[in-house]
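What follows is a short report on a single structure.
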Amino acid sequence: MAREKETTLFIGPQHPGITGNMMVKLKVAGDTITNASVQVGYLHRAFEKLIERRNWLQSFTILCRFCVPEPDPMELTYARAVEDLEGREVPERAKYIRTMVMEMARLQSFMLWYAGQSGSAGLYTLGQWSVGDRNYILDLFEELTGGRIYHMYIWPGGVRRDLPKGFKDRALKTMDYLEKRLDEFDKLLFDNVIFQKRAQGVGIVPKDKAIEWGVVGAPLRGCGIKADVRIDEPYDAYDKVDFIVPTHEGGDVWSRAQVRRIEARQSISIIRQVLEKMPEGEVYNKVPNPMKWTIPAGEAWAKTESVRGEVGFYVVSDGSDKPRRVHVKGAAYTNGITVTEKILKGQNIADVSFILNSMGVCPPEMER
Amino acid sequence: MLEKEQNLLEQIEKTFNVKGKVIRERRVEVWAEKEMVSSILLYVKNQLGYKHLNHISVIDRLEEGKFQLVYTVYSHETGLTFFVKTKIDRENAEMENIDTIWDQANTYEREMREMYGIQFPGLIGDQDFALEDWDEMPPMRRDFDTEAYASQTFFHQAGREDAQDVRETIADRSGEEVPEFAKKYSRD
């Protein structure tokens with residue numbers, strides 16, 4: 001059979017919904033992708049460079065912008081790295097609050113994922129619902145931190161302030177509501193034959209290559225590999241709550257969706273447990289005057305689990321009032337570049353945005 | 001206590017004649033000459049199960065005239081994170097390419113080439129990473145002055161000077177008056 005002529009096709013830099021601005025340069029033969037190259041640079045704002053010119057606390061205004069759909073893991077990872085360097089203790093109550101914030105962040109990010117994943121399959125109703133329901137979590141964030149998307153709430157030494165009066169009750173009611181809604185989401189997405197047919201056997205990450213390729217998060221667990229920073233290297237109050245880390249065999253879009261489906265419910269369960277078990281006490285081991293606050297010279301590596309996977313910060317101090325270096329490794333740095341390039345080969349053009357959403361692509365954390 | 005960590009450290013120190021330390025629980029580091037780095041990484045990946053490349057980081061040690069490179073790898077079996085650290089000269093900076101060990105190292109190396117000017121002989125991938133047609137000093141180097149570059153490259157947007165209210169500038173340009181209720185927010 002004669003080889004079909006290859007054509008170059010550009011997907012992006014306008015993003016296909018939720019993922020963010022980047023470009024995938026495709027070589028296609030007919031409808032089939034023969035080569036893919038991820039090209040970033042459309043969101044580069046030199047964040048890491050800017051942080052080197054700011055003091056340790058001022059950096060938080062930049063850090064949270066590393067990933068718009070889920071900024072809180074960035075704050076927490078940096079805060080934990082700084083605490084590690086300084087040896088600063090975190091009050092017990094603050095650890096619980098941080099855990100709650102992280103799970104709220106995961107939950108609202110799952111809602112965005114529902115929208116992106118279903119929207120890229122042409123199922124728009126669910127996206128309207130989940131983004132609408134996400135606002136109830138953002139309401140809680142606004143009440144707790146003053147901000148809906150960017151919070152700057154987690155600081156070295158704890159969190160900025162305690163829970164407002166009546167917050168626990170409102171948060172529990174929101175969780176009850178969202179839990180019921182997740183059942184509705186399942187009907188629209190997982191029971192939908194369009195999604196089933198589109199997701200099964202598409203965008204497969206091979207299990208035997210997953211770790212070597214640097215796959216993290218739901219895409220790794222979707223290959224049947226149980227790996228989660230919250231379990232492997234527990235931080236804050238994660239060792240004091242019960243939750244399961246779901247896995248699913250297959251490595252395709254369907255498997256990753258199944259993992260996230262369970263994880264969203266687990267987030268609700270963790271938030272409930274944390275609210276019940278939270279001890280009384282201080283929430284902030286106050287840092288000195290931020291303008292004069294210096295951190296002992298050293299290097300620290302901290303990592304946390306976001307919805308997209310492992311987020312790691314390599315933080316270096318030279319003993320001054322500013323970070324010497326803050327290097328961020330977001331989950332999308334591997335999941336969204338080399339891994340995506342590999343798994344797109346042999347796929348259909350129509351599945352590109354579908355696979356991008358499933359891999360948790362987030363360009364701002366790739367190009368920082 | 002820290003038995004796993006000590007065992008890993010001893011094994012690496014003995015095999016490669018390098019020095020390191022156990023930083024704390026689950027964290028072990030060694031310092032090596034740049035020629036040794038790829039051998040150590042290959043060994044821990046293939047022999048000890050450290051298959052997950054977490055991160056490759058660069059720190060510009062301008063005062064020493066060196067770049068410090070940190071390779072971070074992780075084992076899902078032992079749960080340990082292992083750092084291989086090295087220093088290379090800032091002048092004509094060059095480091096061995098390891099994308100033959102981990103494909104994803106290609107992305108890190110392309111970024112390091114662009115942001116710090118470190119060359120990786122044999123690295124496949126000529127295209128820019130995040131910057132386009134950049135011919136200035138690699139911008140993540142400590143001696144690259146972001147503020148000076150920005151002031152030389154971009155024009156100053158009127159209305160952004162200190163203590164100047166942008167609404168007043170707009171009002172001046174358009175000939176409209178700033179309403180009374182808005183004036184009270186002016187920094188003057």
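Each chain in the structure tokens gets a letter, A, B and so on, in the order shown; residues start at 1 in every chain, and ligands are counted from 1 in the order they appear.
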Apply DSSP to the backbone of this structure and, from region 254-355 of chain A, keep only the residues in helix (DSSP H, G or I); write these as a tab-separated table (two decimals) with N, CA and C atoms, in the first residue's frame.
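Output file out_33.tsv follows:
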chain	number	residue	atom	x	y	z
A	254	TRP	N	-9.92	6.13	29.79
A	254	TRP	CA	-10.98	5.56	30.63
A	254	TRP	C	-10.43	5.23	32.02
A	255	SER	N	-9.26	4.60	32.08
A	255	SER	CA	-8.67	4.23	33.37
A	255	SER	C	-8.34	5.46	34.20
A	256	ARG	N	-7.81	6.46	33.56
A	256	ARG	CA	-7.47	7.69	34.29
A	256	ARG	C	-8.74	8.35	34.81
A	257	ALA	N	-9.80	8.30	34.01
A	257	ALA	CA	-11.08	8.88	34.44
A	257	ALA	C	-11.63	8.10	35.64
A	258	GLN	N	-11.51	6.79	35.61
A	258	GLN	CA	-12.01	5.98	36.72
A	258	GLN	C	-11.25	6.29	38.01
A	259	VAL	N	-9.96	6.50	37.88
A	259	VAL	CA	-9.16	6.85	39.06
A	259	VAL	C	-9.64	8.17	39.64
A	260	ARG	N	-9.84	9.15	38.77
A	260	ARG	CA	-10.26	10.47	39.26
A	260	ARG	C	-11.68	10.43	39.83
A	261	ARG	N	-12.49	9.59	39.25
A	261	ARG	CA	-13.87	9.45	39.74
A	261	ARG	C	-13.86	9.06	41.22
A	262	ILE	N	-13.01	8.11	41.57
A	262	ILE	CA	-12.94	7.66	42.97
A	262	ILE	C	-12.21	8.69	43.83
A	263	GLU	N	-11.19	9.28	43.27
A	263	GLU	CA	-10.40	10.24	44.05
A	263	GLU	C	-11.23	11.45	44.47
A	264	ALA	N	-12.15	11.88	43.61
A	264	ALA	CA	-13.00	13.03	43.96
A	264	ALA	C	-13.82	12.70	45.20
A	265	ARG	N	-14.32	11.49	45.27
A	265	ARG	CA	-15.10	11.07	46.44
A	265	ARG	C	-14.21	10.94	47.67
A	266	GLN	N	-12.98	10.49	47.44
A	266	GLN	CA	-12.03	10.38	48.54
A	266	GLN	C	-11.71	11.76	49.12
A	267	SER	N	-11.63	12.76	48.26
A	267	SER	CA	-11.37	14.12	48.75
A	267	SER	C	-12.48	14.58	49.69
A	268	ILE	N	-13.71	14.28	49.32
A	268	ILE	CA	-14.84	14.65	50.18
A	268	ILE	C	-14.71	13.93	51.52
A	269	SER	N	-14.36	12.66	51.47
A	269	SER	CA	-14.21	11.88	52.70
A	269	SER	C	-13.10	12.46	53.58
A	270	ILE	N	-11.98	12.83	52.97
A	270	ILE	CA	-10.86	13.39	53.75
A	270	ILE	C	-11.26	14.72	54.40
A	271	ILE	N	-11.97	15.56	53.63
A	271	ILE	CA	-12.39	16.86	54.18
A	271	ILE	C	-13.29	16.65	55.40
A	272	ARG	N	-14.19	15.71	55.30
A	272	ARG	CA	-15.09	15.42	56.45
A	272	ARG	C	-14.28	14.95	57.66
A	273	GLN	N	-13.37	14.01	57.41
A	273	GLN	CA	-12.57	13.49	58.53
A	273	GLN	C	-11.75	14.58	59.18
A	274	VAL	N	-11.13	15.41	58.35
A	274	VAL	CA	-10.26	16.46	58.87
A	274	VAL	C	-11.07	17.44	59.72
A	275	LEU	N	-12.26	17.80	59.24
A	275	LEU	CA	-13.10	18.74	59.98
A	275	LEU	C	-13.52	18.16	61.33
A	276	GLU	N	-13.75	16.86	61.37
A	276	GLU	CA	-14.16	16.22	62.62
A	276	GLU	C	-13.00	16.06	63.60
A	277	LYS	N	-11.84	15.72	63.05
A	277	LYS	CA	-10.70	15.40	63.92
A	277	LYS	C	-9.85	16.61	64.29
A	332	ALA	N	2.91	18.30	35.10
A	332	ALA	CA	2.75	18.39	33.65
A	332	ALA	C	4.08	18.48	32.91
A	333	TYR	N	5.16	18.73	33.64
A	333	TYR	CA	6.46	18.88	32.98
A	333	TYR	C	6.85	17.59	32.26
A	334	THR	N	6.49	16.46	32.83
A	334	THR	CA	6.73	15.19	32.13
A	334	THR	C	5.43	14.69	31.49
A	335	ASN	N	4.35	14.64	32.29
A	335	ASN	CA	3.08	14.13	31.76
A	335	ASN	C	2.65	14.85	30.50
A	336	GLY	N	2.89	16.16	30.46
A	336	GLY	CA	2.35	16.99	29.38
A	336	GLY	C	3.30	17.17	28.21
A	337	ILE	N	4.57	16.81	28.36
A	337	ILE	CA	5.51	17.01	27.25
A	337	ILE	C	5.93	15.65	26.68
A	338	THR	N	6.95	15.03	27.26
A	338	THR	CA	7.48	13.81	26.62
A	338	THR	C	6.46	12.67	26.61
A	339	VAL	N	5.72	12.52	27.70
A	339	VAL	CA	4.76	11.40	27.76
A	339	VAL	C	3.63	11.63	26.74
A	340	THR	N	3.12	12.85	26.70
A	340	THR	CA	2.05	13.17	25.75
A	340	THR	C	2.52	12.98	24.31
A	341	GLU	N	3.75	13.42	24.05
A	341	GLU	CA	4.29	13.26	22.69
A	341	GLU	C	4.32	11.78	22.29
A	342	LYS	N	4.68	10.93	23.24
A	342	LYS	CA	4.77	9.49	22.93
A	342	LYS	C	3.39	8.88	22.69
A	343	ILE	N	2.45	9.20	23.61
A	343	ILE	CA	1.17	8.50	23.51
A	343	ILE	C	0.27	9.05	22.40
A	344	LEU	N	0.60	10.23	21.89
A	344	LEU	CA	-0.23	10.77	20.80
A	344	LEU	C	0.03	10.04	19.48
A	349	ILE	N	-6.65	12.46	15.17
A	349	ILE	CA	-6.57	13.92	15.42
A	349	ILE	C	-7.66	14.36	16.40
A	350	ALA	N	-8.84	13.79	16.24
A	350	ALA	CA	-9.99	14.20	17.07
A	350	ALA	C	-9.78	13.90	18.55
A	351	ASP	N	-8.81	13.05	18.87
A	351	ASP	CA	-8.60	12.67	20.27
A	351	ASP	C	-7.53	13.50	20.97
A	352	VAL	N	-6.92	14.44	20.26
A	352	VAL	CA	-5.79	15.17	20.86
A	352	VAL	C	-6.22	15.92	22.12
A	353	SER	N	-7.25	16.77	22.00
A	353	SER	CA	-7.64	17.55	23.18
A	353	SER	C	-8.21	16.64	24.26
A	354	PHE	N	-8.80	15.56	23.85
A	354	PHE	CA	-9.35	14.57	24.78
A	354	PHE	C	-8.21	13.96	25.62
A	355	ILE	N	-7.12	13.63	24.95
A	355	ILE	CA	-5.97	13.03	25.65
A	355	ILE	C	-5.25	14.10	26.49
Region 5-17 of chain B environment, 8 Å, only C-alpha atoms, sequence neighbours closer than 6 positions dropped, as a PyMOL selection string:
chain B and resi 25-30+36+40+80
Strand (DSSP E) per DSSP on the backbone: members of region 40-249 of chain A, as a list of chain:residue names
A:Ile154, A:Trp155, A:Gly158, A:Val159
Output C-alpha atoms for every residue in the selection just made, as a tab-separated table (two decimals), in the first residue's frame.
chain	number	residue	atom	x	y	z
A	154	ILE	CA	-0.65	28.57	53.41
A	155	TRP	CA	2.52	30.17	54.74
A	158	GLY	CA	1.08	27.24	59.26
A	159	VAL	CA	-1.79	29.11	57.70
Dump as JSON lines the rows for residues of chain A within 6 Å of chain B: closest atom pair and distance in Å with one decimal, only C-alpha atoms counted, ordered by chain and rising residue number.
{"residue": "A:Val40", "atom": "CA", "partner": "B:Ala130", "partner_atom": "CA", "distance": 5.5}
{"residue": "A:Gly41", "atom": "CA", "partner": "B:Ala130", "partner_atom": "CA", "distance": 3.8}
{"residue": "A:Ile211", "atom": "CA", "partner": "B:His52", "partner_atom": "CA", "distance": 5.6}
{"residue": "A:Glu212", "atom": "CA", "partner": "B:Lys51", "partner_atom": "CA", "distance": 5.4}
{"residue": "A:Gly214", "atom": "CA", "partner": "B:His52", "partner_atom": "CA", "distance": 5.7}
{"residue": "A:Thr338", "atom": "CA", "partner": "B:Gln104", "partner_atom": "CA", "distance": 5.7}
Give me a file of those residues, with N, CA and C atoms, as a JSON list (two decimals), in the first residue's frame.
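Output below, filename out.json:
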[["chain", "number", "residue", "atom", "x", "y", "z"],
["A", 40, "VAL", "N", 5.95, 24.87, 23.99],
["A", 40, "VAL", "CA", 5.44, 25.79, 25.00],
["A", 40, "VAL", "C", 6.13, 27.14, 24.86],
["A", 41, "GLY", "N", 5.74, 28.10, 25.67],
["A", 41, "GLY", "CA", 6.36, 29.42, 25.62],
["A", 41, "GLY", "C", 5.35, 30.54, 25.59],
["A", 211, "ILE", "N", 6.78, 4.33, 34.89],
["A", 211, "ILE", "CA", 7.68, 4.94, 35.88],
["A", 211, "ILE", "C", 8.91, 5.51, 35.19],
["A", 212, "GLU", "N", 9.44, 4.74, 34.27],
["A", 212, "GLU", "CA", 10.65, 5.18, 33.56],
["A", 212, "GLU", "C", 10.38, 6.46, 32.75],
["A", 214, "GLY", "N", 8.52, 8.77, 33.66],
["A", 214, "GLY", "CA", 8.29, 9.87, 34.59],
["A", 214, "GLY", "C", 6.83, 10.21, 34.77],
["A", 338, "THR", "N", 6.95, 15.03, 27.26],
["A", 338, "THR", "CA", 7.48, 13.81, 26.62],
["A", 338, "THR", "C", 6.46, 12.67, 26.61]]
Contacts of Glu86 (chain A) at 10 Å or less, counting only C-alpha atoms, minus same-chain residues fewer than 6 places along, as a PDB file with C-alpha atoms, in the first residue's frame?
ATOM      1  CA  ARG A  80       7.205  22.950  53.396  1.00  0.00           C
ATOM      2  CA  PRO A 156       5.682  28.811  56.306  1.00  0.00           C
ATOM      3  CA  GLY A 157       4.743  28.041  59.894  1.00  0.00           C
ATOM      4  CA  THR A 294      16.431  35.322  56.587  1.00  0.00           C
ATOM      5  CA  ILE A 295      16.559  31.568  56.026  1.00  0.00           C
ATOM      6  CA  PRO A 296      19.673  29.528  56.889  1.00  0.00           C
ATOM      7  CA  ALA A 297      21.763  28.525  53.892  1.00  0.00           C
ATOM      8  CA  GLY A 298      20.865  25.131  52.502  1.00  0.00           C
ATOM      9  CA  ALA A 300      15.544  21.448  50.328  1.00  0.00           C
ATOM     10  CA  SER A 317      18.882  29.528  50.315  1.00  0.00           C
TER      11      SER A 317
END
Any idea what the distance is between CA of Ala94 (chain A) and CA of Ala237 (chain A)?
9.1 Å
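Residues within 7 Å of region 130-133 of chain A, counting only C-alpha atoms and excluding same-chain residues fewer than 4 positions away, are Met111, Leu112, Tyr114, Ala115 and Leu126 of chain A.
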For Leu76 (chain A), list every protein, DNA or RNA residue within 8 Å, evaluated using only C-alpha atoms, and leave out those in the same chain fewer than 2 positions away; present the list as a PyMOL selection string.
chain A and resi 72-74+78-80+98+154-155+304
